[in-house]
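**Student:** Pasting a structure here, questions to come.
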2 protein chains.
Amino acid sequence: MATHGTDEAIASFETSPEKYVHWKLSFDGPVARLAMDVQEEQGLRAEYALKLNSYDLAVDLELADAIQRIRFEHPEVRAVVITSLKDKIFCAGANIFMLGSSSHPFKVNFCKFTNETRLGIEDASAQSGIKFVAALNGTASGGGYELALACDEILLIDDGNSAVSLPEVALLGVLPGTGGLTRVVDKRKVRRDLADFFSTLAEGVKGRRAVEWRLVDQVVPKSKFTQVVDQRAAALAAKSDRPPDGKGIRLTPLQPKVTGSGVEYKYVSLKLDPALRVAQLLVRAPAGPAPTDGAALAAEGADSWGIRMFRELDDALLRLRMNHLEIGTIVIKTEGDPKAVLAYDAFIATNRSHWLVREVLHLQKRVLKRVDLTAKTIFAFLEPGSSFAGILAELALAADRSYMLDDPKRPVWLQLGPLNAGALPMSNGISRLEARMLAEPQRVKEILSQEGAFDAESALAAGLVTFAPDDLDWDDEIRVALEERASMSPDALTGMEANLRFAGPETMETKIFGRLTAWQNWIFQRPNAVGERGALTLYGQAGLRPHFDTRRT
Amino acid sequence: MATHGTDEAIASFETSPEKYVHWKLSFDGPVARLAMDVQEEQGLRAEYALKLNSYDLAVDLELADAIQRIRFEHPEVRAVVITSLKDKIFCAGANIFMLGSSSHPFKVNFCKFTNETRLGIEDASAQSGIKFVAALNGTASGGGYELALACDEILLIDDGNSAVSLPEVALLGVLPGTGGLTRVVDKRKVRRDLADFFSTLAEGVKGRRAVEWRLVDQVVPKSKFTQVVDQRAAALAAKSDRPPDGKGIRLTPLQPKVTGSGVEYKYVSLKLDPALRVAQLLVRAPAGPAPTDGAALAAEGADSWGIRMFRELDDALLRLRMNHLEIGTIVIKTEGDPKAVLAYDAFIATNRSHWLVREVLHLQKRVLKRVDLTAKTIFAFLEPGSSFAGILAELALAADRSYMLDDPKRPVWLQLGPLNAGALPMSNGISRLEARMLAEPQRVKEILSQEGAFDAESALAAGLVTFAPDDLDWDDEIRVALEERASMSPDALTGMEANLRFAGPETMETKIFGRLTAWQNWIFQRPNAVGERGALTLYGQAGLRPHFDTRRT
């Protein structure tokens with residue numbers, strides 16, 4: 001098992017269609033086509049070849065980018081066909097040799113990102129009127145089938161050969177890591193005993209049985225495949241509420257300035273303190289007035305604060321997760337004019353029916369979910385000059401703890417706005433304010449109805465912040481908090497935070513991140529998968545069969 | 001890290017009050033008192049001492065037994081006070097040296113059992129009118145506080161010293177393993193940031209703050225502690241619907257015959273096939289008529305089929321889990337007269353308002369939940385002479401797969417009855433039939449309304465069984481199924497089954513077993529906890545501090 005760390009770092013999480021290596025993105029009126037054509041030798045690392053449309057993070061970064069761009073750059077797109085350019089192969093899933101040669105943290109972070117990308121597909125379907133057709137022109141196995149499961153409809157070619165399968169348990173001794181088990185029984189509602197059989201069948205299921213078992217929606221003869229795919233895409237597109245005459249905005253490169261001590265963006269500043277194992281994430285409020293309407297937002301384009309800041313924050317979070325494993329705690333700070341944040345929020349809340357405003361809101365929501373799902377401690381520090389208002393107050397509410405300076409001479413304010421009332425749900429479907437007030441749900445309304453800002457004393461009394469030290473105590477208290485956190489087991493903290501952050505209801509999304517992912521992480525540690533003679537380690541080595549510790553746990 | 005296996009086997013899971021070593025059970029009218037007084041040197045293994053009312057499985061087996069006996073033997077009990085006989089100590093939780101010297105499978109099985117015991121306390125409160133007061137006469141840390149969390153009310157003595165705490169993260173690098181994190185935020189609805197602080201604070205929280213943070217219900221001065229505990233117990237008892245004049249039945253010893261090849265009970269027969277890694281669990285239908293009413297059931301006592309068979313099944317499951325780690329698959333078979341099962345079910349369904357009948361039903365429910373939560377593959381074989389009717393049909397519905405012989409010359413029947421319609425919910429709150437029919441919920445009613453039994457063909461068509469091979473295929477098909485299952489990674493199967501069995505809604509119970517336990521299992525594998533310099537390994541070794549791999553995953 002590889003245990004390298006820094007050589008798994010990702011230079012950039014950004015890409016754009018003209019740079020795509022593994023996907024062909026094309027447009028035909030309201031229907032976009034995303035065709036997978038993975039280039040074997042162009043994976044992130046040289047030690048594996050991406051055969052049979054198997055993928056690594058490079059492939060998935062392009063997919064995530066394409067979905068994002070369809071949302072922002074192509075409002076005319078109402079349906080997306082996801083297919084492959086390889087003969088008889090849709091996608092073979094995550095590359096096994098990549099997984100086998102990756103460190104445990106990389107495997108876990110890789111699966112988390114691919115899960116977020118697939119949940120992003122479902123978010124585009126549920127929120128943006130973009131429906132997805134998985135056109136399986138060949139076999140979809142493992143992560144390939146899991147990608148299909150994230151789509152609204154799955155069409156499988158009936159060529160006597162092509163099947164859908166989740167062969168991970170049978171062949172690799174691990175779980176399908178991208179929501180497969182959950183989506184099979186919870187989204188597609190495949191009967192649990194059929195799901196059991198299917199999930200242990202390396203060769204998968206094809207033809208009529210795949211439809212009867214609800215694994216796919218249709219099997220289509222080869223001769224009619226293209227025609228039926230086009231029909232289904234057109235039918236789904238017809239139901240969309242996207243504007244036929246909308247004009248997209250271009251998502252321009254973020255061009256962060258990356259140095260050894262951090263990353264500088266326009267609105268976000270990431271500073272690393274490896275000795276303390278802390279990163280400071282500073283988020284700035286808008287510098288100017290909010291757009292007046294959807295058209296004005298479109299004119300500002302990707303530089304508009306509500307887009308740019310959140311794309312920067314997203315990029316910073318991915319860097320923290322994958323490139324800075326040594327960082328255990330993220331300290332979130334804000335600065336700037338709270339009124340400017342609230343004005344931008346009011347603009348979003350008032351103009352939600354405009355397609356681009358809607359996209360911005362859901363981008364913001366997804367990035368804030370990425371905060372919740374980041375396996376690092378999050379502390380928010382509310383200090384003089386900070387701007388925890390409206391959507392930036394969500395960062396304080398997302399934190400594991402928040403510290404607000406209580407100093408009458410230098411008052412600090414926290415203020416809620418229209419977006420804090422449910423527009424930005426967590427993965428469990430409720431707002432961060434609701435998750436915080438589970439014991440007294442009626443207080444959510446009371447708090448939201450307060451006019452004006454909370455000072456430290458009233459924020460503490462309302463339960464909006466954890467601690468409000470005074471000027472004398474502040475330095476010591478936050479120093480001790482950061483040092484203590486750094487002294488604890490990183491694994492225990494990850495597990496603790498994953499349990500405490502998501503009280504209340506559960507959704508398919510929390511099932512995937514809470515239940516499925518935790519089991520997968522466990523299995524990813526077990527010698528039966530990753531030991532010298534584990535199934536994942538030995539996969540593809542002719543003549544070598546895995547050796548299992550047969551004790552059932 | 002110890003990796004022994006067979007020397008962790010448990011000779012017997014049965015006990016009874018006259019044999020208790022670690023608990024004193026006493027009665028005062030409607031109030032029972034369960035006082036913990038752990039005997040340091042009388043743990044299950046010699047290599048640790050159970051200091052400070054810390055516990056191992058021996059202690060918890062007594063606790064589980066006591067709760068069960070209060071339900072069946074003491075219908076007059078309406079409230080239970082759980083307290084300790086040690087000065088200034090309520091309970092220090094699971095013994096760390098026991099955990100540190102236990103194998104991974106033992107740790108996981110130990111936590112599962114203690115979780116089931118605490119959920120059993122909550123079941124008695126919710127279903128049987130037995131309310132629990134945790135009378136914390138001293139500090140309750142870790143599993144000690146988790147035991148209190150399972151009670152209806154928590155009273156903490158206010159002696160300036162006694163606190164509640166979850167010190168696992170800070171001191172041991174693991175999670176509280178018995179539902180603590182989940183119950184803190186989901187049951188007691190402690191605000192998530194306060195829960196974060198509390199769960200990293202080794203010394204815990206005491207006094208007024210413990211009440212304000214919802215960690216306990218009251219802090220009570222030492223001088224009034226006994227008086228207030230009695231008052232609260234009396235107040236809770238007053239609301240119970242248990243019969244003041246009920247006469248309990250004695251839970252007699254099961255006296256199984258244990259041999260190298262299996263375990264023989266009266267109604268249950270467990271046969272081990274270690275070579276194939278399969279255990280056959282045969283369950284027999286009642287041999288005689290069902291009781292006619294509650295009084296008749298009381299006259300039959302613990303030998304009545306509905307009590308005895310389920311106690312035997314429960315014992316067999318615990319043996320399979322903890323003593324037969326090499327067994328990967330349980331094959332469930334039944335035999336006897338299906339009419340006798342349905343008659344017993346009808347008796348239960350008709351007499352649910354009788355306190356003892358109610359207890360029987362909830363015992364049956366809990367044992368069936370133990371089936372669902374057992375980390376082994378479960379196959380049901382429906383063969384000629386079998387008796388998968390009514391409550392025994394739940395065993396087929398609980399199985400990961402079921403095979404029903406389709407042979408016109410030797411017909412096999414599956415029949416549902418009144419208890420299959422929701423009286424025996426799974427941990428996720430829905431029936432096994434509902435969990436099976438998530439895609440077509442209206443079919444639940446249709447299936448339940450069918451008069452008479454399903455033959456193989458109609459059971460297959462109705463989706464009640466997985467496969468119905470004919471006489472020619474039967475032997476080969478089940479042989480291949482068992483061999484294939486035995487060839488797969490035991491860990492991957494455990495994770496897969498944990499995900500596929502619980503589709504649909506989530507409850508605090510599924511959160512504990514799905515989310516919390518999976519994270520704990522992961523952490524229990526990590527070098528940061530169990531490695532040579534892991535926190536759990538080094539705990540209590542003066543001068544040795546754990547060494548953490550600081551990469552956050």
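Ligands are numbered from 1 in the order shown, chains are lettered A, B, ... in the order of the structure tokens, and residues start at 1 in each chain.
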So that I can check the surroundings of Ala140 (chain A), please list as a PyMOL selection string every protein, DNA and RNA residue that reaches within 6 Å of it, counting only C-alpha atoms and ignoring chain neighbours fewer than 6 positions away.
**Tutor:** chain A and resi 90-92+164
**Student:** Create the file for the chosen residues now, containing C-alpha atoms and written as a tab-separated table (two decimals), in the first residue's frame.
**Tutor:**
chain	number	residue	atom	x	y	z
A	90	PHE	CA	-19.67	2.83	-21.05
A	91	CYS	CA	-17.34	3.13	-18.08
A	92	ALA	CA	-15.43	0.65	-15.93
A	164	VAL	CA	-24.63	-3.04	-15.38
**Student:** Could you list, as a PyMOL selection string, every residue of chain B that has an atom within 6 Å of an atom of chain A, counting only C-alpha atoms?
**Tutor:** chain B and resi 105+169-170+173-174+185-186+189+191-193+325-326+400-401+436+438-439+488-490+492+495+500+503+514-515+518-519+522+550-553
**Student:** Just the selected residues (N, CA and C atoms), exported as a compact mmCIF listing (two decimals), in the first residue's frame, please.
**Tutor:**
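Written file, out_38.txt:
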# COMPACT_ATOMS: atom_id res chain seq x y z
N PRO B 105 -12.51 -7.72 16.20
CA PRO B 105 -13.88 -8.28 16.20
C PRO B 105 -14.53 -8.24 17.58
N VAL B 169 -12.61 10.84 22.90
CA VAL B 169 -11.85 11.51 21.85
C VAL B 169 -10.56 12.08 22.44
N ALA B 170 -10.71 12.78 23.54
CA ALA B 170 -9.54 13.47 24.11
C ALA B 170 -8.53 12.50 24.69
N GLY B 173 -8.51 8.58 21.77
CA GLY B 173 -8.44 8.60 20.31
C GLY B 173 -9.49 7.74 19.64
N VAL B 174 -10.57 7.44 20.33
CA VAL B 174 -11.69 6.71 19.72
C VAL B 174 -12.97 7.50 20.00
N VAL B 185 -26.77 14.74 20.57
CA VAL B 185 -27.37 15.73 19.65
C VAL B 185 -28.77 15.35 19.18
N ASP B 186 -29.08 14.04 19.10
CA ASP B 186 -30.37 13.65 18.53
C ASP B 186 -31.44 13.36 19.57
N LYS B 189 -30.75 16.57 22.20
CA LYS B 189 -30.73 17.78 21.38
C LYS B 189 -29.82 18.87 21.94
N ARG B 191 -27.03 21.43 21.67
CA ARG B 191 -26.60 22.20 20.49
C ARG B 191 -25.27 21.66 19.98
N ARG B 192 -25.14 21.59 18.68
CA ARG B 192 -24.01 20.86 18.12
C ARG B 192 -22.65 21.46 18.49
N ASP B 193 -22.56 22.77 18.65
CA ASP B 193 -21.26 23.33 19.01
C ASP B 193 -20.94 23.08 20.49
N LEU B 325 -16.60 -16.58 14.96
CA LEU B 325 -16.24 -15.54 14.00
C LEU B 325 -16.01 -16.11 12.62
N GLU B 326 -15.63 -17.39 12.56
CA GLU B 326 -15.31 -17.98 11.27
C GLU B 326 -16.56 -18.25 10.44
N ASP B 400 -30.89 -11.90 3.74
CA ASP B 400 -30.32 -11.20 2.59
C ASP B 400 -30.82 -11.80 1.29
N ARG B 401 -31.04 -13.09 1.30
CA ARG B 401 -31.67 -13.79 0.17
C ARG B 401 -32.48 -14.95 0.70
N ARG B 436 -39.12 -4.19 2.01
CA ARG B 436 -38.97 -4.97 0.79
C ARG B 436 -39.74 -4.37 -0.38
N LEU B 438 -40.40 -1.06 -1.02
CA LEU B 438 -40.28 0.40 -1.09
C LEU B 438 -40.70 0.95 -2.44
N ALA B 439 -40.47 0.17 -3.48
CA ALA B 439 -40.78 0.66 -4.82
C ALA B 439 -42.28 0.68 -5.07
N MET B 488 -15.87 -14.52 -0.67
CA MET B 488 -15.75 -13.06 -0.71
C MET B 488 -15.19 -12.50 0.59
N SER B 489 -14.70 -11.26 0.51
CA SER B 489 -14.13 -10.61 1.68
C SER B 489 -15.19 -10.46 2.77
N PRO B 490 -14.93 -11.02 3.95
CA PRO B 490 -15.90 -10.89 5.05
C PRO B 490 -16.20 -9.42 5.38
N ALA B 492 -16.08 -6.74 3.32
CA ALA B 492 -16.90 -6.11 2.28
C ALA B 492 -18.35 -6.58 2.41
N GLY B 495 -20.03 -4.69 5.30
CA GLY B 495 -20.37 -3.32 4.91
C GLY B 495 -21.52 -3.29 3.92
N LEU B 500 -27.45 -2.41 2.58
CA LEU B 500 -28.63 -2.85 1.82
C LEU B 500 -29.81 -3.21 2.72
N ALA B 503 -32.75 0.09 3.90
CA ALA B 503 -33.25 1.13 3.00
C ALA B 503 -34.44 1.81 3.66
N GLY B 514 -25.69 2.47 12.05
CA GLY B 514 -25.19 2.70 10.70
C GLY B 514 -24.05 3.69 10.67
N ARG B 515 -24.29 4.86 11.21
CA ARG B 515 -23.34 5.95 11.08
C ARG B 515 -22.27 5.89 12.18
N ALA B 518 -20.20 2.58 12.31
CA ALA B 518 -19.28 2.44 11.18
C ALA B 518 -18.06 3.33 11.36
N TRP B 519 -18.28 4.56 11.83
CA TRP B 519 -17.13 5.43 12.09
C TRP B 519 -16.25 4.87 13.20
N TRP B 522 -14.14 2.10 11.98
CA TRP B 522 -13.01 2.64 11.22
C TRP B 522 -11.92 3.09 12.18
N THR B 550 -0.67 12.67 11.71
CA THR B 550 -1.51 13.87 11.76
C THR B 550 -2.31 14.11 10.49
N ARG B 551 -2.17 13.23 9.50
CA ARG B 551 -2.94 13.47 8.27
C ARG B 551 -4.42 13.30 8.53
N ARG B 552 -5.18 14.34 8.24
CA ARG B 552 -6.63 14.30 8.44
C ARG B 552 -7.27 13.59 7.24
N THR B 553 -8.13 12.65 7.52
CA THR B 553 -8.73 11.84 6.46
C THR B 553 -10.24 12.04 6.43
**Student:** Out of region 165-404 of chain B, which residues get helix (DSSP H, G or I) from DSSP, as a PyMOL selection string?
**Tutor:** chain B and resi 168-172+180-187+192-198+207-212+222-238+294-303+305-323+338-350+355-372+390-398
**Student:** As an MDAnalysis selection string, please: the residues near Gln42 (chain A) (cut-off 10 Å, only C-alpha atoms, same-chain neighbours under 2 positions excluded).
**Tutor:** chainID A and resid 21:22 38:40 44:46 48:50 56 58:59
**Student:** Can you tell me, as a list in words, which residues in region 243-338 of chain A count as strand (DSSP E or B) by DSSP?
**Tutor:**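 Output for region 243-338 of chain A, strand (DSSP E or B) only: Lys257, Val258, Thr259, Gly262, Val263, Glu264, Val268, Ser269, Leu270, Lys271, Leu272, Asp273, Val278, Ala279, Gln280, Leu281, Leu282, Val283, Arg284, Thr329, Ile330, Val331, Ile332, Lys333, Thr334 and Glu335 of chain A.
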**Student:** Extract, using only C-alpha atoms, all DNA, RNA and protein residues at most 12 Å from Phe225 (chain A), discarding same-chain residues fewer than 2 positions from it, and format them as a short mmCIF file (atom, residue, chain, number, x, y, z; two decimals) with C-alpha atoms, in the first residue's frame.
**Tutor:**
data_model
loop_
_atom_site.label_atom_id
_atom_site.label_comp_id
_atom_site.auth_asym_id
_atom_site.auth_seq_id
_atom_site.Cartn_x
_atom_site.Cartn_y
_atom_site.Cartn_z
CA THR A 83 -22.46 8.37 -22.73
CA ALA A 134 -27.34 7.82 -18.88
CA ALA A 135 -26.97 6.30 -22.33
CA LEU A 136 -25.13 3.09 -21.60
CA ASN A 137 -23.77 2.13 -24.99
CA GLY A 138 -21.84 -0.69 -23.35
CA LEU A 155 -30.92 3.36 -20.89
CA LEU A 156 -28.89 0.21 -21.48
CA ILE A 157 -28.03 -1.06 -24.93
CA ASP A 158 -29.35 -4.57 -25.60
CA ASP A 159 -26.50 -6.15 -27.51
CA GLN A 218 -35.05 0.54 -20.47
CA VAL A 219 -33.00 -1.84 -22.51
CA VAL A 220 -32.86 -0.73 -26.12
CA PRO A 221 -31.84 -2.72 -29.19
CA LYS A 222 -28.60 -1.58 -30.72
CA SER A 223 -30.30 -0.49 -33.93
CA GLN A 227 -32.91 7.17 -31.62
CA VAL A 228 -34.38 6.22 -28.23
CA VAL A 229 -31.70 8.15 -26.35
CA ASP A 230 -32.51 11.24 -28.41
CA GLN A 231 -36.23 10.75 -27.79
CA ARG A 232 -35.81 10.43 -24.05
#
**Student:** So that I can check the surroundings of Phe310 (chain B), please list as a count of residues only every protein, DNA and RNA residue that reaches within 10 Å of it, counting only C-alpha atoms and ignoring chain neighbours fewer than 3 positions away.
**Tutor:** 17
**Student:** In terms of the shortest atom-to-atom distance over only C-alpha atoms, which of A:Tyr403, A:Trp213, A:Phe27, A:Phe13 is closest to Glu73 (chain A)?
**Tutor:** A:Phe27
**Student:** Leaving out Ala150 (chain A) and any residue of its chain fewer than 4 positions from it, which residues lie within 8 Å of it when counting only C-alpha atoms, given as a PyMOL selection string?
**Tutor:** chain A and resi 118-119+121-122+146+183
**Student:** What separation in Å, quoted to one decimal, exists between CA of Lys257 (chain A) and CA of Ala275 (chain A)?
**Tutor:**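 Between CA of Lys257 (chain A) and CA of Ala275 (chain A) the gap is 21.7 Å.
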**Student:** Find the residues near Lys239 (chain A): any atom within 9 Å, counting only C-alpha atoms, skip ones fewer than 4 places away on the same chain, and give them as a ChimeraX atom specification.
**Tutor:** /A:78,129,234-235
**Student:** What does the distance from CA of Ala11 (chain A) to CA of Glu312 (chain A) come to in Å, to one decimal?
**Tutor:**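 Interatomic distance here is 15.1 Å.
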